[in-house]
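Pasted below: start.pdb, PDB, C-alpha atoms.
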```pdb
ATOM      1  CA  MET T   1      -5.568 -15.135 -26.420  1.00  0.00           C
ATOM      2  CA  ALA T   2      -4.670 -12.230 -24.194  1.00  0.00           C
ATOM      3  CA  ALA T   3      -4.000 -12.649 -20.508  1.00  0.00           C
ATOM      4  CA  SER T   4      -6.907 -13.117 -18.133  1.00  0.00           C
ATOM      5  CA  ARG T   5      -6.604 -13.156 -14.363  1.00  0.00           C
ATOM      6  CA  GLU T   6      -8.999 -13.552 -11.470  1.00  0.00           C
ATOM      7  CA  LEU T   7      -9.068 -10.228  -9.675  1.00  0.00           C
ATOM      8  CA  GLY T   8     -10.109  -9.265  -6.132  1.00  0.00           C
ATOM      9  CA  THR T   9     -13.674  -8.139  -5.729  1.00  0.00           C
ATOM     10  CA  PRO T  10     -14.292  -4.424  -5.453  1.00  0.00           C
ATOM     11  CA  GLY T  11     -16.230  -4.815  -2.220  1.00  0.00           C
ATOM     12  CA  ASP T  12     -13.133  -6.118  -0.421  1.00  0.00           C
ATOM     13  CA  SER T  13     -12.298  -2.637   0.837  1.00  0.00           C
ATOM     14  CA  ALA T  14     -15.779  -1.724   2.064  1.00  0.00           C
ATOM     15  CA  VAL T  15     -16.417  -1.229   5.748  1.00  0.00           C
ATOM     16  CA  GLY T  16     -19.687  -2.072   7.480  1.00  0.00           C
ATOM     17  CA  ASN T  17     -20.546   1.573   8.220  1.00  0.00           C
ATOM     18  CA  GLY T  18     -20.780   2.485   4.541  1.00  0.00           C
ATOM     19  CA  HIS T  19     -17.413   4.278   4.365  1.00  0.00           C
ATOM     20  CA  ARG T  20     -14.528   2.855   2.355  1.00  0.00           C
ATOM     21  CA  SER T  21     -11.413   1.990   4.345  1.00  0.00           C
ATOM     22  CA  HIS T  22      -9.066   3.281   1.605  1.00  0.00           C
ATOM     23  CA  LEU T  23      -6.947   0.106   1.682  1.00  0.00           C
ATOM     24  CA  GLY T  24      -5.860   0.674   5.278  1.00  0.00           C
ATOM     25  CA  ILE T  25      -4.337   4.088   4.598  1.00  0.00           C
ATOM     26  CA  PRO T  26      -4.153   5.830   7.980  1.00  0.00           C
ATOM     27  CA  GLU T  27      -5.921   9.166   8.060  1.00  0.00           C
ATOM     28  CA  ALA T  28      -3.773  12.180   8.878  1.00  0.00           C
ATOM     29  CA  VAL T  29      -5.490  14.179  11.607  1.00  0.00           C
ATOM     30  CA  PHE T  30      -5.311  17.946  11.162  1.00  0.00           C
ATOM     31  CA  VAL T  31      -3.614  19.646  14.102  1.00  0.00           C
ATOM     32  CA  GLU T  32      -6.065  22.418  15.001  1.00  0.00           C
ATOM     33  CA  ASP T  33      -4.537  23.463  18.336  1.00  0.00           C
ATOM     34  CA  VAL T  34      -0.750  23.132  18.194  1.00  0.00           C
ATOM     35  CA  ASP T  35      -0.312  24.045  21.886  1.00  0.00           C
ATOM     36  CA  ALA T  36      -2.572  21.182  22.997  1.00  0.00           C
ATOM     37  CA  PHE T  37      -0.975  18.842  20.439  1.00  0.00           C
ATOM     38  CA  MET T  38       2.538  19.575  21.750  1.00  0.00           C
ATOM     39  CA  LYS T  39       1.409  18.808  25.340  1.00  0.00           C
ATOM     40  CA  GLN T  40       0.303  15.279  24.388  1.00  0.00           C
ATOM     41  CA  PRO T  41       2.469  12.360  25.591  1.00  0.00           C
ATOM     42  CA  GLY T  42       5.205  11.494  23.116  1.00  0.00           C
ATOM     43  CA  ASN T  43       5.447  15.053  21.815  1.00  0.00           C
ATOM     44  CA  GLU T  44       8.288  16.160  24.109  1.00  0.00           C
ATOM     45  CA  SER T  45      10.138  18.238  21.528  1.00  0.00           C
ATOM     46  CA  VAL T  46       9.508  19.811  18.163  1.00  0.00           C
ATOM     47  CA  ASP T  47      12.246  17.665  16.607  1.00  0.00           C
ATOM     48  CA  ILE T  48      10.501  14.448  17.726  1.00  0.00           C
ATOM     49  CA  VAL T  49       7.128  15.639  16.396  1.00  0.00           C
ATOM     50  CA  LEU T  50       8.587  16.782  13.051  1.00  0.00           C
ATOM     51  CA  LYS T  51      10.428  13.469  12.736  1.00  0.00           C
ATOM     52  CA  LYS T  52       7.161  11.541  13.342  1.00  0.00           C
ATOM     53  CA  LEU T  53       5.320  13.677  10.809  1.00  0.00           C
ATOM     54  CA  ASP T  54       8.114  13.211   8.269  1.00  0.00           C
ATOM     55  CA  GLU T  55       8.014   9.419   8.781  1.00  0.00           C
ATOM     56  CA  GLN T  56       4.264   9.498   8.233  1.00  0.00           C
ATOM     57  CA  TYR T  57       4.785  11.561   5.076  1.00  0.00           C
ATOM     58  CA  GLN T  58       7.368   9.060   3.756  1.00  0.00           C
ATOM     59  CA  LYS T  59       4.945   6.183   4.413  1.00  0.00           C
ATOM     60  CA  TYR T  60       2.322   7.998   2.350  1.00  0.00           C
ATOM     61  CA  LYS T  61       4.886   8.428  -0.440  1.00  0.00           C
ATOM     62  CA  PHE T  62       5.607   4.684  -0.373  1.00  0.00           C
ATOM     63  CA  MET T  63       1.885   3.882  -0.478  1.00  0.00           C
ATOM     64  CA  GLU T  64       1.452   6.259  -3.408  1.00  0.00           C
ATOM     65  CA  LEU T  65       4.217   4.457  -5.319  1.00  0.00           C
ATOM     66  CA  ASN T  66       2.539   1.071  -4.752  1.00  0.00           C
ATOM     67  CA  LEU T  67      -0.913   2.356  -5.727  1.00  0.00           C
ATOM     68  CA  ALA T  68       0.500   3.998  -8.851  1.00  0.00           C
ATOM     69  CA  GLN T  69       2.059   0.665  -9.889  1.00  0.00           C
ATOM     70  CA  LYS T  70      -1.268  -1.133  -9.367  1.00  0.00           C
ATOM     71  CA  LYS T  71      -3.020   1.559 -11.375  1.00  0.00           C
ATOM     72  CA  ARG T  72      -0.561   1.164 -14.280  1.00  0.00           C
ATOM     73  CA  ARG T  73      -1.069  -2.620 -14.241  1.00  0.00           C
ATOM     74  CA  LEU T  74      -4.859  -2.285 -14.292  1.00  0.00           C
ATOM     75  CA  LYS T  75      -4.742   0.376 -17.017  1.00  0.00           C
ATOM     76  CA  SER T  76      -2.798  -2.006 -19.260  1.00  0.00           C
ATOM     77  CA  GLN T  77      -4.898  -5.033 -18.266  1.00  0.00           C
ATOM     78  CA  ILE T  78      -8.321  -3.516 -19.029  1.00  0.00           C
ATOM     79  CA  PRO T  79      -7.702  -2.879 -22.757  1.00  0.00           C
ATOM     80  CA  GLU T  80      -6.171  -6.344 -23.028  1.00  0.00           C
ATOM     81  CA  ILE T  81      -9.304  -7.937 -21.535  1.00  0.00           C
ATOM     82  CA  ARG T  82     -11.504  -5.778 -23.788  1.00  0.00           C
ATOM     83  CA  GLN T  83      -9.561  -6.882 -26.874  1.00  0.00           C
ATOM     84  CA  THR T  84      -9.795 -10.548 -25.876  1.00  0.00           C
ATOM     85  CA  LEU T  85     -13.547 -10.175 -25.340  1.00  0.00           C
ATOM     86  CA  HIS T  86     -13.869  -8.654 -28.811  1.00  0.00           C
ATOM     87  CA  ILE T  87     -12.026 -11.640 -30.314  1.00  0.00           C
ATOM     88  CA  LEU T  88     -14.181 -14.116 -28.365  1.00  0.00           C
ATOM     89  CA  LYS T  89     -17.399 -12.482 -29.562  1.00  0.00           C
ATOM     90  CA  TYR T  90     -16.137 -12.741 -33.138  1.00  0.00           C
ATOM     91  CA  MET T  91     -15.223 -16.407 -32.635  1.00  0.00           C
ATOM     92  CA  GLN T  92     -18.691 -17.071 -31.157  1.00  0.00           C
ATOM     93  CA  ARG T  93     -20.322 -15.708 -34.310  1.00  0.00           C
ATOM     94  CA  LYS T  94     -18.055 -17.813 -36.546  1.00  0.00           C
ATOM     95  CA  LYS T  95     -18.089 -21.114 -34.605  1.00  0.00           C
ATOM     96  CA  ASP T  96     -20.990 -22.566 -36.637  1.00  0.00           C
ATOM     97  CA  SER T  97     -19.469 -21.518 -39.964  1.00  0.00           C
ATOM     98  CA  PRO T  98     -17.849 -24.307 -42.036  1.00  0.00           C
ATOM     99  CA  LYS T  99     -15.123 -21.932 -43.300  1.00  0.00           C
ATOM    100  CA  PRO T 100     -11.914 -21.604 -41.264  1.00  0.00           C
ATOM    101  CA  LEU T 101     -11.136 -18.232 -39.738  1.00  0.00           C
ATOM    102  CA  GLU T 102      -8.254 -16.422 -41.487  1.00  0.00           C
ATOM    103  CA  THR T 103      -6.235 -14.275 -39.099  1.00  0.00           C
ATOM    104  CA  ARG T 104      -2.800 -13.005 -38.170  1.00  0.00           C
ATOM    105  CA  PHE T 105      -1.216 -13.491 -34.775  1.00  0.00           C
ATOM    106  CA  LEU T 106       1.732 -11.900 -33.031  1.00  0.00           C
ATOM    107  CA  LEU T 107       4.711 -14.231 -33.278  1.00  0.00           C
ATOM    108  CA  ALA T 108       7.239 -11.795 -31.789  1.00  0.00           C
ATOM    109  CA  ASP T 109       7.518  -8.035 -31.413  1.00  0.00           C
ATOM    110  CA  ASN T 110       6.313  -6.514 -34.705  1.00  0.00           C
ATOM    111  CA  LEU T 111       6.319  -9.950 -36.388  1.00  0.00           C
ATOM    112  CA  TYR T 112       2.946 -11.398 -37.373  1.00  0.00           C
ATOM    113  CA  CYS T 113       2.131 -14.747 -38.917  1.00  0.00           C
ATOM    114  CA  LYS T 114      -0.935 -15.767 -40.949  1.00  0.00           C
ATOM    115  CA  ALA T 115      -3.098 -18.528 -39.526  1.00  0.00           C
ATOM    116  CA  SER T 116      -6.132 -20.487 -40.567  1.00  0.00           C
ATOM    117  CA  VAL T 117      -8.204 -21.415 -37.504  1.00  0.00           C
ATOM    118  CA  PRO T 118     -10.881 -24.098 -37.949  1.00  0.00           C
ATOM    119  CA  PRO T 119     -14.253 -23.358 -36.310  1.00  0.00           C
ATOM    120  CA  THR T 120     -14.060 -24.224 -32.625  1.00  0.00           C
ATOM    121  CA  ASP T 121     -16.007 -23.834 -29.420  1.00  0.00           C
ATOM    122  CA  LYS T 122     -12.886 -23.996 -27.219  1.00  0.00           C
ATOM    123  CA  VAL T 123     -10.292 -21.351 -26.397  1.00  0.00           C
ATOM    124  CA  CYS T 124      -7.236 -21.203 -24.155  1.00  0.00           C
ATOM    125  CA  LEU T 125      -6.700 -18.270 -21.812  1.00  0.00           C
ATOM    126  CA  TRP T 126      -3.522 -17.275 -19.990  1.00  0.00           C
ATOM    127  CA  LEU T 127      -4.334 -17.019 -16.292  1.00  0.00           C
ATOM    128  CA  GLY T 128      -0.910 -15.751 -15.255  1.00  0.00           C
ATOM    129  CA  ALA T 129       2.116 -17.435 -13.651  1.00  0.00           C
ATOM    130  CA  ASN T 130       2.655 -19.406 -16.897  1.00  0.00           C
ATOM    131  CA  VAL T 131      -0.741 -21.107 -16.527  1.00  0.00           C
ATOM    132  CA  MET T 132      -3.109 -21.540 -19.464  1.00  0.00           C
ATOM    133  CA  LEU T 133      -6.530 -23.175 -19.251  1.00  0.00           C
ATOM    134  CA  GLU T 134      -8.946 -24.333 -21.903  1.00  0.00           C
ATOM    135  CA  TYR T 135     -12.515 -22.984 -21.730  1.00  0.00           C
ATOM    136  CA  ASP T 136     -15.671 -23.207 -23.767  1.00  0.00           C
ATOM    137  CA  ILE T 137     -16.086 -19.911 -25.608  1.00  0.00           C
ATOM    138  CA  ASP T 138     -19.204 -19.072 -23.558  1.00  0.00           C
ATOM    139  CA  GLU T 139     -17.424 -19.785 -20.253  1.00  0.00           C
ATOM    140  CA  ALA T 140     -14.397 -17.771 -21.349  1.00  0.00           C
ATOM    141  CA  ARG T 141     -16.607 -14.847 -22.300  1.00  0.00           C
ATOM    142  CA  LEU T 142     -18.346 -14.895 -18.894  1.00  0.00           C
ATOM    143  CA  LEU T 143     -14.992 -15.051 -17.098  1.00  0.00           C
ATOM    144  CA  LEU T 144     -13.564 -12.168 -19.118  1.00  0.00           C
ATOM    145  CA  GLU T 145     -16.692 -10.037 -18.669  1.00  0.00           C
ATOM    146  CA  LYS T 146     -16.484 -10.620 -14.909  1.00  0.00           C
ATOM    147  CA  ASN T 147     -12.746  -9.812 -14.891  1.00  0.00           C
ATOM    148  CA  HIS T 148     -13.358  -6.661 -16.946  1.00  0.00           C
ATOM    149  CA  SER T 149     -16.053  -5.509 -14.532  1.00  0.00           C
ATOM    150  CA  VAL T 150     -13.878  -6.205 -11.484  1.00  0.00           C
ATOM    151  CA  ALA T 151     -10.801  -4.548 -13.036  1.00  0.00           C
ATOM    152  CA  THR T 152     -12.827  -1.443 -13.921  1.00  0.00           C
ATOM    153  CA  SER T 153     -14.262  -1.101 -10.414  1.00  0.00           C
ATOM    154  CA  ASN T 154     -10.817  -1.776  -8.875  1.00  0.00           C
ATOM    155  CA  LEU T 155      -9.389   1.024 -11.017  1.00  0.00           C
ATOM    156  CA  GLU T 156     -12.105   3.390  -9.770  1.00  0.00           C
ATOM    157  CA  SER T 157     -11.319   2.367  -6.172  1.00  0.00           C
ATOM    158  CA  LEU T 158      -7.618   2.985  -6.773  1.00  0.00           C
ATOM    159  CA  GLU T 159      -8.401   6.451  -8.129  1.00  0.00           C
ATOM    160  CA  GLU T 160     -10.380   7.207  -4.946  1.00  0.00           C
ATOM    161  CA  ASP T 161      -7.551   5.858  -2.774  1.00  0.00           C
ATOM    162  CA  LEU T 162      -4.994   8.011  -4.601  1.00  0.00           C
ATOM    163  CA  ASP T 163      -7.203  11.086  -4.107  1.00  0.00           C
ATOM    164  CA  PHE T 164      -7.533  10.240  -0.406  1.00  0.00           C
ATOM    165  CA  LEU T 165      -3.750   9.783  -0.190  1.00  0.00           C
ATOM    166  CA  ARG T 166      -3.165  13.209  -1.774  1.00  0.00           C
ATOM    167  CA  ASP T 167      -5.392  14.723   0.914  1.00  0.00           C
ATOM    168  CA  GLN T 168      -3.253  12.992   3.565  1.00  0.00           C
ATOM    169  CA  PHE T 169      -0.087  14.458   1.980  1.00  0.00           C
ATOM    170  CA  THR T 170      -1.557  17.932   2.184  1.00  0.00           C
ATOM    171  CA  THR T 171      -2.738  17.508   5.782  1.00  0.00           C
ATOM    172  CA  THR T 172       0.654  16.164   6.887  1.00  0.00           C
ATOM    173  CA  GLU T 173       2.531  18.980   5.121  1.00  0.00           C
ATOM    174  CA  VAL T 174       0.266  21.586   6.748  1.00  0.00           C
ATOM    175  CA  ASN T 175       0.754  19.945  10.161  1.00  0.00           C
ATOM    176  CA  MET T 176       4.530  20.046   9.721  1.00  0.00           C
ATOM    177  CA  ALA T 177       4.391  23.731   8.764  1.00  0.00           C
ATOM    178  CA  ARG T 178       2.109  24.578  11.718  1.00  0.00           C
ATOM    179  CA  VAL T 179       4.386  22.799  14.219  1.00  0.00           C
ATOM    180  CA  TYR T 180       7.482  24.452  12.749  1.00  0.00           C
ATOM    181  CA  ASN T 181       5.856  27.916  12.829  1.00  0.00           C
ATOM    182  CA  TRP T 182       4.640  27.302  16.392  1.00  0.00           C
ATOM    183  CA  ASP T 183       8.237  26.525  17.398  1.00  0.00           C
ATOM    184  CA  VAL T 184       9.579  29.676  15.700  1.00  0.00           C
ATOM    185  CA  LYS T 185       7.005  31.843  17.514  1.00  0.00           C
ATOM    186  CA  ARG T 186       7.753  30.105  20.827  1.00  0.00           C
ATOM    187  CA  ARG T 187      11.494  30.717  20.459  1.00  0.00           C
ATOM    188  CA  ASN T 188      10.910  34.368  19.520  1.00  0.00           C
ATOM    189  CA  ARG T 189       8.807  34.859  22.671  1.00  0.00           C
ATOM    190  CA  GLU T 190      11.456  33.209  24.866  1.00  0.00           C
ATOM    191  CA  GLU T 191      14.365  35.234  23.464  1.00  0.00           C
ATOM    192  CA  PRO T 192      15.144  38.332  25.497  1.00  0.00           C
ATOM    193  CA  PRO T 193      14.658  41.527  23.488  1.00  0.00           C
ATOM    194  CA  LYS T 194      17.920  42.913  22.146  1.00  0.00           C
ATOM    195  CA  ALA T 195      18.932  46.369  23.242  1.00  0.00           C
ATOM    196  CA  VAL T 196      18.719  48.954  20.509  1.00  0.00           C
ATOM    197  CA  VAL T 197      21.758  51.181  20.309  1.00  0.00           C
ATOM    198  CA  ALA T 198      20.904  54.741  19.326  1.00  0.00           C
TER     199      ALA T 198
END
```
How would this structure read if it were set down as structure tokens?
Amino acid sequence: MAASRELGTPGDSAVGNGHRSHLGIPEAVFVEDVDAFMKQPGNESVDIVLKKLDEQYQKYKFMELNLAQKKRRLKSQIPEIRQTLHILKYMQRKKDSPKPLETRFLLADNLYCKASVPPTDKVCLWLGANVMLEYDIDEARLLLEKNHSVATSNLESLEEDLDFLRDQFTTTEVNMARVYNWDVKRRNREEPPKAVVA
């Protein structure tokens, strides 16, 4: 049978006020008034502020990499669970039949072997970490349906988190540009005008 794992519940990331927490991703605050922002404690120089913003940007990049890996894992896991469910439903229909089930199974990459499976009401599922457990077909089906539902909702949550993260990228990039432009304008105002030779 294909792999089956217990997954986290989709409500794990919900907050009591009805808004999702986006897996603890800090929200980038848009800098509306750069003058007031630069007067805040800790913002002594433009270099310090740009360095902080760049660090924040790099953290978002790291989070994006981790979320993308989780998304890839879930995208490969969902079809696997679906396929296993399909096989279980077929086995449920055939468990009362006296004839053995003729099938092929994957022995190695691109190498299949024929098998004759006697009617059974038990199946073994891989749970991960080299652990396999035996279940009644009905129990296995319930577990896989639950896992499929949880994996699907987790994938939707990940999509939302990635969208939120992209918004944070954009906000941070705009903040960096606004601070840099503010500094350029400030330096231009402070520079004495050059004499024009006629």
Each residue of range 50-85 of chain T lying at most 10 Å from range 142-157 of chain T should get a row with its shortest atom-to-atom pair and the distance in Å to one decimal, counting all atoms listed in the file; could you produce that, ordered by chain and increasing number, as JSON lines?
```
{"residue": "T:Lys70", "atom": "CA", "partner": "T:Leu155", "partner_atom": "CA", "distance": 8.6}
{"residue": "T:Lys71", "atom": "CA", "partner": "T:Leu155", "partner_atom": "CA", "distance": 6.4}
{"residue": "T:Arg72", "atom": "CA", "partner": "T:Leu155", "partner_atom": "CA", "distance": 9.4}
{"residue": "T:Arg73", "atom": "CA", "partner": "T:Leu155", "partner_atom": "CA", "distance": 9.6}
{"residue": "T:Leu74", "atom": "CA", "partner": "T:Ala151", "partner_atom": "CA", "distance": 6.5}
{"residue": "T:Lys75", "atom": "CA", "partner": "T:Leu155", "partner_atom": "CA", "distance": 7.6}
{"residue": "T:Gln77", "atom": "CA", "partner": "T:Ala151", "partner_atom": "CA", "distance": 7.9}
{"residue": "T:Ile78", "atom": "CA", "partner": "T:His148", "partner_atom": "CA", "distance": 6.3}
{"residue": "T:Pro79", "atom": "CA", "partner": "T:His148", "partner_atom": "CA", "distance": 8.9}
{"residue": "T:Glu80", "atom": "CA", "partner": "T:His148", "partner_atom": "CA", "distance": 9.4}
{"residue": "T:Ile81", "atom": "CA", "partner": "T:His148", "partner_atom": "CA", "distance": 6.3}
{"residue": "T:Arg82", "atom": "CA", "partner": "T:His148", "partner_atom": "CA", "distance": 7.1}
{"residue": "T:Thr84", "atom": "CA", "partner": "T:Leu144", "partner_atom": "CA", "distance": 7.9}
{"residue": "T:Leu85", "atom": "CA", "partner": "T:Leu144", "partner_atom": "CA", "distance": 6.5}
```
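Minimum distance to Leu165 in chain T across T:Glu44, T:Glu139, T:Glu190, T:Glu64 (counting only C-alpha atoms) occurs at T:Glu64.
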Q.
Expand the PyMOL selection byres ((chain T and resi 26) around 12) into the explicit residue set it covers here, and present it as a PyMOL selection string.
A. chain T and resi 21-25+27-29+56-57+59-60+63+161+164-165+167-169+171-172
Written file, previous selection with C-alpha atoms, as an mmCIF file, in the coordinates of the input:
```
data_model
loop_
_atom_site.group_PDB
_atom_site.id
_atom_site.type_symbol
_atom_site.label_atom_id
_atom_site.label_comp_id
_atom_site.auth_asym_id
_atom_site.auth_seq_id
_atom_site.Cartn_x
_atom_site.Cartn_y
_atom_site.Cartn_z
ATOM 1 C CA SER T 21 -11.413 1.990 4.345
ATOM 2 C CA HIS T 22 -9.066 3.281 1.605
ATOM 3 C CA LEU T 23 -6.947 0.106 1.682
ATOM 4 C CA GLY T 24 -5.860 0.674 5.278
ATOM 5 C CA ILE T 25 -4.337 4.088 4.598
ATOM 6 C CA GLU T 27 -5.921 9.166 8.060
ATOM 7 C CA ALA T 28 -3.773 12.180 8.878
ATOM 8 C CA VAL T 29 -5.490 14.179 11.607
ATOM 9 C CA GLN T 56 4.264 9.498 8.233
ATOM 10 C CA TYR T 57 4.785 11.561 5.076
ATOM 11 C CA LYS T 59 4.945 6.183 4.413
ATOM 12 C CA TYR T 60 2.322 7.998 2.350
ATOM 13 C CA MET T 63 1.885 3.882 -0.478
ATOM 14 C CA ASP T 161 -7.551 5.858 -2.774
ATOM 15 C CA PHE T 164 -7.533 10.240 -0.406
ATOM 16 C CA LEU T 165 -3.750 9.783 -0.190
ATOM 17 C CA ASP T 167 -5.392 14.723 0.914
ATOM 18 C CA GLN T 168 -3.253 12.992 3.565
ATOM 19 C CA PHE T 169 -0.087 14.458 1.980
ATOM 20 C CA THR T 171 -2.738 17.508 5.782
ATOM 21 C CA THR T 172 0.654 16.164 6.887
#
```
(Q) So, with all atoms listed in the file as the atoms that count, which of T:Val131, T:Leu53, T:Ile87, T:Leu158 lies closest to Phe30 in chain T? (A) T:Leu53
**Q.** the PyMOL selection byres ((chain T and resi 133) around 12) resolved against shown file, as a PyMOL selection string
**A.** chain T and resi 1+3-5+122-132+134-137+139-140+143
Q: Work out how far apart CA of Glu102 in chain T and CA of Lys114 in chain T are and give it in Å to one decimal.
A: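 Result for CA of Glu102 in chain T versus CA of Lys114 in chain T: 7.4 Å, one decimal.
CA of Ala108 in chain T is positioned 28.6 Å from CA of Asp138 in chain T.
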Q: Just say which residues the PyMOL selection byres ((chain T and resi 45-50) around 10) picks in this file, as number ranges by chain.
A: T: 37-39, 42-44, 51-56, 175-177, 179-180, 182-183
Q: Take CA of His86 in chain T and CA of Arg141 in chain T and report the distance between them in Å, one decimal.
A: 9.4 Å
Q. Using all atoms listed in the file, which of T:Lys89, T:Lys185, T:Lys94, T:Arg166 sits nearest Leu67 in chain T?
A. T:Arg166
